[in-house]
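Notes follow once the structure below has been shown.
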Amino acid sequence: VPTPSYPLLDHLAALEGLETLPYRLDPHDDWRPRLPDDPASVVIAVHPNNPTGSYLPQDAAEALAQRCRRDQAALVADEVFHAYPLAGPPPPSFACREDLLLFVLGGLSKYAGLPQLKLAWTVVRGPEQLAGETMDRLAFLADQYLSVSTPVQLALPSLLRRAAPIRSAILARCRENLEILRTAASRWGGTTVVPPQGGWSVVIRYPGVLDEERLALELLHEDGVAVHPGYFYDLQGAHHLVISLLPPPTVFAEGARRVMERVARASESRLGLG
Ligand SMILES: Cc1ncc(COP(=O)(O)O)c(C=O)c1O
């Protein structure tokens, strides 16, 4: 599993009795994966990753696919945020390949901004016979669970048709908020916005004046701003906060100002200027 990343992966694997092995994404190399030598039966890629907003660069995607082929491993590509590029066109989806066993994940939650409807999908790709056998096994597994609710199944074609303007609106808002955050960061100084390429969140790095947990709690209780500390996602090597790009821009602008102000005040008091 990639790290830093979405923290649910480890828990989901543990619930299935699976052992996970983390591989690091290198912040100094466009978050390219550093794969350990140990073989794995399944490799998970999050494309783009949450919270770093990094799509796997094409050469890294190719290397990952080659490695899976070598180890006869399946590749699970979580692409729930693929349709939300924040900086130029996104690299191709893994669903464009069929040279290895691939499970590409998406769902209404992100694709249509409808998390409560609880409908998601998996695109299975791969060499024909392997993909066919895998589909049979998945069908058997799916039979062991309750099915997706009938109303949402029936509504799906219409929901998918109506999703495009919703995605456009979410994307426009995320881009606008990212610019607001960049402007606030440059006005107050001291923090760096780690450039995201896709998704709904952004990482900021701030000088090591306050630990992440304390800063996040102060922001919550004293400033009324909810952010995640970077350690929730195993972000290492500096002090990070993870910020959602989804709030309405006026609300977001005020939240960004409060975050920057608190970080700046903490830096000043540490330097004896406050
Ligand atoms: C990378 C990633 N994958 C999957 C999910 C799960 O999405 P949902 O359960 O809303 O479909 C999330 C939720 O935020 C996520 O960040």
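FYI, nothing fancy with the structure tokens labels: chains A, B, ... in order, residues from 1 per chain, ligands from 1 as they appear.
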
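The environment of Ala216 of chain A within 8 Å, counting only C-alpha atoms and disregarding residues fewer than 3 places along the same chain, consists of Glu212, Glu213, Leu219, Leu220, Ala226, Val227, His228, Pro229 and Leu241 of chain A.
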
Contact table segment 9-82 of chain A vs segment 95-119 of chain A, cut-off 6 Å, shortest pair per residue, only C-alpha atoms, as a tab-separated table:
residue	atom	partner	partner_atom	distance
A:Ala74	CA	A:Leu101	CA	4.9
A:Leu75	CA	A:Leu102	CA	4.9
A:Val76	CA	A:Phe103	CA	4.7
A:Ala77	CA	A:Val104	CA	4.7
A:Asp78	CA	A:Leu105	CA	4.8
A:Glu79	CA	A:Leu105	CA	5.5
A:Val80	CA	A:Gly106	CA	4.5

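The nearest approach to ligand 1 among the residues A:Arg175, A:Arg167, A:Arg137, A:His82, with only C-alpha atoms and all ligand atoms taken into account, belongs to A:His82.
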
>> as a ChimeraX atom specification, please: every residue in segment 128-242 of chain A that DSSP puts in alpha helix (DSSP H).
In response: /A:128-143,150-188,212-223

> Neighbours of segment 45-61 of chain A within 7 Å (only C-alpha atoms; same-chain residues fewer than 6 positions away dropped), as a PyMOL selection string?
Replying inline: chain A and resi 2+5-6+31-32+76-79+81-82+91+196-199+201-203+242

Since we have the selection now, will you write its residues out, keeping C-alpha atoms, as a PDB file, in the first residue's frame?
ATOM      1  CA  PRO A   2       1.242   3.529  -0.754  1.00  0.00           C
ATOM      2  CA  SER A   5      -2.055   7.878   1.614  1.00  0.00           C
ATOM      3  CA  TYR A   6      -5.645   7.360   2.550  1.00  0.00           C
ATOM      4  CA  TRP A  31       5.693  11.271  -5.346  1.00  0.00           C
ATOM      5  CA  ARG A  32       7.058   8.377  -7.437  1.00  0.00           C
ATOM      6  CA  VAL A  76      -5.749  -2.338  -7.603  1.00  0.00           C
ATOM      7  CA  ALA A  77      -5.974   1.246  -8.834  1.00  0.00           C
ATOM      8  CA  ASP A  78      -8.150   3.462  -6.679  1.00  0.00           C
ATOM      9  CA  GLU A  79      -9.156   6.147  -9.168  1.00  0.00           C
ATOM     10  CA  PHE A  81     -10.546  11.183  -7.821  1.00  0.00           C
ATOM     11  CA  HIS A  82      -9.293  10.623 -11.398  1.00  0.00           C
ATOM     12  CA  PRO A  91      -2.477  10.937 -17.116  1.00  0.00           C
ATOM     13  CA  PRO A 196      -1.643  18.938  -5.898  1.00  0.00           C
ATOM     14  CA  GLN A 197      -2.396  17.620  -9.385  1.00  0.00           C
ATOM     15  CA  GLY A 198      -5.784  16.168  -8.657  1.00  0.00           C
ATOM     16  CA  GLY A 199      -8.437  15.471  -6.048  1.00  0.00           C
ATOM     17  CA  SER A 201      -7.636  18.108  -0.823  1.00  0.00           C
ATOM     18  CA  VAL A 202      -4.286  19.799  -0.449  1.00  0.00           C
ATOM     19  CA  VAL A 203      -1.304  19.438   1.844  1.00  0.00           C
ATOM     20  CA  VAL A 242      -4.337  18.443   5.141  1.00  0.00           C
TER      21      VAL A 242
END

> Per DSSP on the backbone, what are the strand (DSSP E) residues of segment 46-214 of chain A, as a PyMOL selection string?
Replying inline: chain A and resi 46+74-78+102-107+120-125+192-194+201-206

> Using only C-alpha atoms, which residues sit within 12 Å of segment 145-148 of chain A once same-chain residues fewer than 5 positions away are excluded, as a list in words?
Replying inline: Leu117, Lys118, Leu119, Ala120, Trp121, Leu138, Ala139, Phe140, Gln153, Leu154, Ala155 and Leu156 of chain A

Include N, CA and C atoms and write out the residues we just selected as an mmCIF file, in the first residue's frame.
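Output file selection-v1.cif is given in full below:
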data_model
loop_
_atom_site.group_PDB
_atom_site.id
_atom_site.type_symbol
_atom_site.label_atom_id
_atom_site.label_comp_id
_atom_site.auth_asym_id
_atom_site.auth_seq_id
_atom_site.Cartn_x
_atom_site.Cartn_y
_atom_site.Cartn_z
ATOM 1 N N LEU A 117 -25.435 7.651 -1.598
ATOM 2 C CA LEU A 117 -26.144 6.662 -2.414
ATOM 3 C C LEU A 117 -25.471 5.295 -2.417
ATOM 4 N N LYS A 118 -24.219 5.249 -1.948
ATOM 5 C CA LYS A 118 -23.536 3.961 -1.725
ATOM 6 C C LYS A 118 -23.528 3.071 -2.962
ATOM 7 N N LEU A 119 -23.061 3.623 -4.055
ATOM 8 C CA LEU A 119 -22.879 2.776 -5.237
ATOM 9 C C LEU A 119 -21.482 3.030 -5.790
ATOM 10 N N ALA A 120 -20.726 1.963 -5.931
ATOM 11 C CA ALA A 120 -19.369 2.078 -6.458
ATOM 12 C C ALA A 120 -19.162 0.984 -7.495
ATOM 13 N N TRP A 121 -18.063 1.054 -8.229
ATOM 14 C CA TRP A 121 -17.821 0.048 -9.263
ATOM 15 C C TRP A 121 -16.349 -0.319 -9.322
ATOM 16 N N LEU A 138 -15.465 -13.002 -8.651
ATOM 17 C CA LEU A 138 -16.055 -11.794 -8.047
ATOM 18 C C LEU A 138 -17.572 -11.923 -7.954
ATOM 19 N N ALA A 139 -18.173 -12.520 -8.984
ATOM 20 C CA ALA A 139 -19.637 -12.691 -8.961
ATOM 21 C C ALA A 139 -20.032 -13.569 -7.781
ATOM 22 N N PHE A 140 -19.242 -14.628 -7.539
ATOM 23 C CA PHE A 140 -19.530 -15.500 -6.396
ATOM 24 C C PHE A 140 -19.401 -14.715 -5.091
ATOM 25 N N GLN A 153 -29.753 1.494 -8.309
ATOM 26 C CA GLN A 153 -29.391 0.805 -9.561
ATOM 27 C C GLN A 153 -30.231 1.351 -10.723
ATOM 28 N N LEU A 154 -31.539 1.497 -10.459
ATOM 29 C CA LEU A 154 -32.415 1.968 -11.537
ATOM 30 C C LEU A 154 -32.110 3.415 -11.911
ATOM 31 N N ALA A 155 -31.712 4.185 -10.902
ATOM 32 C CA ALA A 155 -31.456 5.612 -11.167
ATOM 33 C C ALA A 155 -30.088 5.833 -11.814
ATOM 34 N N LEU A 156 -29.241 4.796 -11.819
ATOM 35 C CA LEU A 156 -27.844 5.016 -12.210
ATOM 36 C C LEU A 156 -27.649 5.683 -13.582
#

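Here atom CA of Leu21 of chain A stands at a distance of 14.5 Å from atom CA of Cys68 of chain A.
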
> Using only C-alpha atoms, which residue out of A:Val263, A:Ala87, A:Leu159, A:Ala256 lies closest to Glu218 of chain A?
Replying inline: A:Val263

>> Give me the residues near Leu18 of chain A as a ChimeraX atom specification, where near means some atom within 12 Å (using only C-alpha atoms) and where sequence neighbours in that chain fewer than 2 positions away do not count.
In response: /A:1,9-16,20-21,40-42

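Take the candidates A:Thr122, A:Pro27, A:Pro92, A:Thr134 and check each one against ligand 1 using only C-alpha atoms and all ligand atoms; the shortest distance goes to A:Thr122.
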
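Going from atom CA of Val43 of chain A over to atom CA of Tyr233 of chain A, you cover 18.2 Å.
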
>> Quick one: residues within 12 Å of Asp211 of chain A, only C-alpha atoms, excluding same-chain residues fewer than 2 positions away - as a ChimeraX atom specification?
In response: /A:205-209,213-218,229-231,238-241,263,266

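We find atom CA of Leu130 of chain A and atom CA of Pro36 of chain A to be spaced 26.1 Å apart.
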
> Which is closer to ligand 1 than all the others in A:Gly88, A:Pro22, A:Gly126, A:Pro4, using only C-alpha atoms and all ligand atoms?
Replying inline: A:Pro4

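Considering the residues A:Pro33, A:Thr183, A:Asp136, A:Pro127 and counting only C-alpha atoms, Arg69 of chain A has its shortest atom-to-atom contact with A:Pro127.
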